[in-house]
Structure formats: C-alpha cells, structure tokens
Amino acid sequence: MKIKDIEAIVVRSPEPSIASAPSSLIVKIETDEGIAGIGEGCTHSESDEASFAAKAIIERGFAPRLKGEDPLNIQKIWYKLYQYSEWYGRRGIAIYALSAIDIALWDIAGKYLHQPVHKLLGGKFRDKIRVYASLIFNMDDPESSGKEGRKYVEQGFTAVKYGWGQTWEKAFGLDADRDEEAVRIIREILGPKIDLMVDVGRMVNWSLPYAIKMAERFKKYNIYWLEEPLPQDDIEGYIMLTQKSDVWIAAGEGEYTRWGFKDWIIRRAVDVLQPDVSKAGGLSEVKRICDLAYMWNMMVVPHGFSTAINIAANLHLVASMPNASLLEFRRTESPLIYKLVKRPFEAVNGYLAIPDGEGLGIELNEDVIEEYRIDRR
C-alpha cells in the first residue's frame with residue numbers, strides 16, 4: 001500500500017468569538033488501495049492565515065515527500081517531515097500540518113488492519129472517559145453563562161469550564177472584581193458539587209503577582225483549576241505560580257512536541273498539562289508527551305476545542321493512557337462539532353464512549369465540508 005494523494009482543506013464556520021476556533025485545516029490522505037484517512041490541524045487564526053499557511057506547507061512541501069510512501073510507516077514519516085521542515089518548523093504552523101498528517105495516517109492504519117486506533121496505540125485502559133463541557137464566558141451576562149453550563153449539568157455533566165470571552169474588549173481577566181463576580185454567579189448556578197474550571201486564555205495575560213492574587217480570590221469558589229493565566233512562554237512564572245497557588249494551575253495547549261513539553265514536565269511547571277493532538281505533533285507525538293508526563297506522575301487532560309476530528313483523536317489517545325481521568329468536550333455551537341461527522345459525539349451522564357470502529361471510528365459529512373470550505377473561493 002502506498003500513499004497516492006494528499007488533500008488539505010481549509011474550513012471556517014460562523015462563530016460568536018475568535019475564541020470559538022472558527023478556522024481549521026482538514027487533511028485527507030488517499031492510498032492506492034482505496035483506503036483514505038482523515039486528520040486535523042487546529043490552525044486557529046482570526047483571518048484564516050494559519051490555515052492557509054499550513055495548507056501551503058502540506059501541498060508544496062510535505063505532499064511531494066509523502067507520495068509513494070507506505071502509510072503504515074507512521075514513525076518514519078513523522079521524522080521525515082519533521083526533519084525536512086526543521087529550518088522553518090519545529091513549532092507552530094509546520095507542526096499543525098504534521099499533526100494533521102499524523103492523525104490521518106493512524107486512521108489509515110486502523111482501517112487497513114480493521115482495528116480502532118487505540119488498539120494500535122497499545123490498547124485501551126477504559127471504555128469511557130469523563131468529560132467537561134467547554135464553554136465561552138459571556139462577561140456582559142454571567143448569569144446566562146451559568147445557565148448555559150447548568151443545561152449540561154442537567155444532562156449529567158459533572159464538570160464545566162468557561163474561558164476567554166466573546167470579544168477582546170469584553171474578555172474575562174480585564175477587571176478583578178468583575179471576574180470574581182462572574183465566577184461567583186456561575187458557581188452559585190452550577191452548585192457546589194460541579195467541578196468548575198476557569199480559563200483566562202490569551203485575550204488577557206496576567207502578571208505573576210496578579211495571577212497569585214486572583215487564584216487566591218477564586219479559591220473560595222472551589223474552582224477545579226485556573227487555566228493559562230500567564231503568557232504561554234513564561235515557564236518560570238508558571239513554576240512559581242504552581243508552587244504558590246493552592247488552586248491547580250493548567251496550561252500547555254500552545255506548546256509543541258516532546259522537546260517543547262520536556263521542561264514543563266520535568267520542572268513541574270503546572271499541575272495539569274494540556275497538549276493538543278491537532279497542534280503538538282499528532283497522535284504519535286502526544287502519546288510520547290503523555291508517556292513522559294506519566295514518568296513524572298503529572299496529570300494530563302488533553303486540550304480539544306476545534307472539530308469532531310479532534311474529539312475522535314483525543315478519545316483514542318485517552319483510551320491508551322494509563323492515568324487519564326478527564327477530557328475536554330467543546331459544547332459551543334458549531335457545525336464543525338455537531339454536523340461534521342455522520343454520528344456526532346454525545347455524552348451520556350457526563351462520559352464519552354471510546355470509539356471501537358476501524359481507524360478513528362468516524363465518517364465525515366462531505367456536504368458539510370463543502371458548505372464550510374473556503375479554499376476554493
């Protein structure tokens with residue numbers, strides 16, 4: 001079996017906020033035996049520039065080096081593309097592109113061998129995983145945010161996360177009193193027993209002293225973790241914040257490859273590590289990151305806030321992890337979540353089942369891809 005063709009597709013859906021990840025890159029890899037695999041690169045960008053850049057990297061750089069390769073040589077291909085792009089890659093857009101290809105290759109391998117991907121990753125430790133409903137703050141109306149989360153609690157979810165905000169001007173994190181009031185209102189609506197996560201995100205970056213003070217203020221609301229309160233490159237700040245805060249600190253969605261995550265892990269920079277399979281290097285690389293984190297007994301909760309392909313890949317990843325206990329499940333309205341696959345993912349009593357179909361276990365709705373595709377216009 002050989003790789004015959006690679007297609008990189010830029011999709012964009014209407015979203016209320018840039019925080020809702022409107023743009024992504026979908027990759028299809030076809031083989032000469034008629035087996036095709038799908039993958040995704042989480043190329044968030046306000047004007048779709050990252051998606052188009054990743055598409056160019058694949059079409060002009062990666063595709064000529066993929067054609068004719070045996071798609072089952074997943075590790076060989078990973079290193080081939082990583083080394084080819086190291087002059088301009090190693091982090092960022094080139095790794096988005098590599099992530100998408102890697103996920104698609106695992107999908108092909110599973111379909112070829114008639115096995116779910118998690119079995120090829122070493123087998124599954126669990127049949128289901130607890131998920132948290134991942135939502136966006138409405139800072140103009142925190143009560144509506146609380147009621148939105150309550151809707152999922154009534155469906156059986158035991159954890160809810162709020163992040164970022166609708167716009168840069170009305171983001172969470174701009175006003176201490178207003179932020180605390182939002183958390184207070186949401187906690188009151190959700191009730192005391194629901195795990196509540198607070199994600200500052202990248203619309204606002206706090207200083208270390210400010211983050212320490214805010215973590216202390218949120219402590220009284222028993223938040224499960226405080227996510228990305230500092231700039232993503234401030235590893236020294238995260239180390240100090242994690243040491244000083246009684247609230248768990250989470251970060252990692254903006255880091256890439258095992259080399260990028262190494263210091264975060266061995267220096268215990270956070271309490272909760274959040275690699276993303278569609279950003280950090282694909283299933284191959286995030287599995288290695290998780291294995292490294294396991295050596296340091298670090299909690300890993302994979303990030304996932306893009307499309308249903310990301311959800312599927314994450315489910316196979318956490319199935320293969322010995323110590324996985326929680327997974328992000330984006331619940332903001334998006335056709336790339338609710339319509340992209342023919343059988344959308346649905347949580348039952350706050351848990352998602354691990355797919356047991358061949359490959360990733362999903363089938364795309366091609367008409368949805370065509371509706372939201374923007375690289376042919």
# chains A, B, ... in the order shown; residues from 1 in each chain; ligands from 1
$ residues_around --residues "Val301 (chain A)" --least-positions-apart "5" --cutoff "6 Å" --atoms "only C-alpha atoms" --output "mmCIF file with N, CA and C atoms, in the first residue's frame"
data_model
loop_
_atom_site.group_PDB
_atom_site.id
_atom_site.type_symbol
_atom_site.label_atom_id
_atom_site.label_comp_id
_atom_site.auth_asym_id
_atom_site.auth_seq_id
_atom_site.Cartn_x
_atom_site.Cartn_y
_atom_site.Cartn_z
ATOM 1 N N GLN A 274 -1.814 20.155 29.243
ATOM 2 C CA GLN A 274 -2.890 20.129 28.250
ATOM 3 C C GLN A 274 -2.374 20.115 26.806
ATOM 4 N N LEU A 326 -10.040 12.624 32.635
ATOM 5 C CA LEU A 326 -10.879 13.742 32.226
ATOM 6 C C LEU A 326 -10.472 14.188 30.826
ATOM 7 N N LEU A 327 -11.443 14.723 30.074
ATOM 8 C CA LEU A 327 -11.181 15.187 28.714
ATOM 9 C C LEU A 327 -12.069 16.383 28.406
#
$ residues_around --residues "region 55-61 of chain A" --least-positions-apart "2" --cutoff "9 Å" --atoms "only C-alpha atoms" --output "PyMOL selection string"
chain A and resi 6-10+25+27+50-53+63-65+81+84-85+93-94+97-98+101
$ closest_residue --among "A:His303, A:Arg184, A:Lys124, A:Lys219" --to "Glu253 (chain A)" --atoms "only C-alpha atoms"
A:His303
$ residues_around --residues "Asp233 (chain A)" --least-positions-apart "5" --cutoff "10 Å" --atoms "only C-alpha atoms" --output "PyMOL selection string"
chain A and resi 238+252+254-255
$ residues_around --residues "region 205-207 of chain A" --least-positions-apart "3" --cutoff "9 Å" --atoms "only C-alpha atoms" --output "compact mmCIF listing (two decimals) with N, CA and C atoms, in the first residue's frame"
# COMPACT_ATOMS: atom_id res chain seq x y z
N GLY A 173 -10.86 38.51 32.59
CA GLY A 173 -9.50 38.80 33.00
C GLY A 173 -9.13 40.26 33.01
N VAL A 200 -8.39 31.67 31.65
CA VAL A 200 -8.12 33.07 31.31
C VAL A 200 -7.85 33.20 29.81
N GLY A 201 -7.11 32.25 29.25
CA GLY A 201 -6.86 32.25 27.81
C GLY A 201 -5.87 33.31 27.38
N ARG A 202 -5.88 33.62 26.08
CA ARG A 202 -4.86 34.51 25.54
C ARG A 202 -5.39 35.87 25.13
N TYR A 210 -0.27 39.28 40.00
CA TYR A 210 -1.72 39.40 39.80
C TYR A 210 -2.37 38.03 39.76
N ALA A 211 -1.74 37.07 39.06
CA ALA A 211 -2.29 35.72 38.97
C ALA A 211 -2.34 35.06 40.34
N ILE A 212 -1.33 35.27 41.16
CA ILE A 212 -1.32 34.71 42.52
C ILE A 212 -2.51 35.26 43.32
N GLU A 228 -4.18 28.88 32.02
CA GLU A 228 -3.46 29.86 31.22
C GLU A 228 -3.63 31.30 31.71
N PRO A 229 -3.32 31.57 32.97
CA PRO A 229 -3.39 32.96 33.44
C PRO A 229 -2.18 33.78 33.03
N LEU A 230 -1.08 33.12 32.66
CA LEU A 230 0.17 33.79 32.30
C LEU A 230 0.46 33.60 30.81
N PRO A 231 1.36 34.40 30.24
CA PRO A 231 1.76 34.18 28.84
C PRO A 231 2.30 32.76 28.65
N GLN A 232 2.07 32.21 27.48
CA GLN A 232 2.42 30.81 27.23
C GLN A 232 3.93 30.54 27.32
N GLY A 237 7.38 31.77 35.33
CA GLY A 237 6.22 32.27 36.04
C GLY A 237 5.26 31.15 36.42
$ select_by_dssp --residues "region 293-350 of chain A" --states "alpha helix (DSSP H)" --output "PyMOL selection string"
chain A and resi 293-295+308-320+335-338
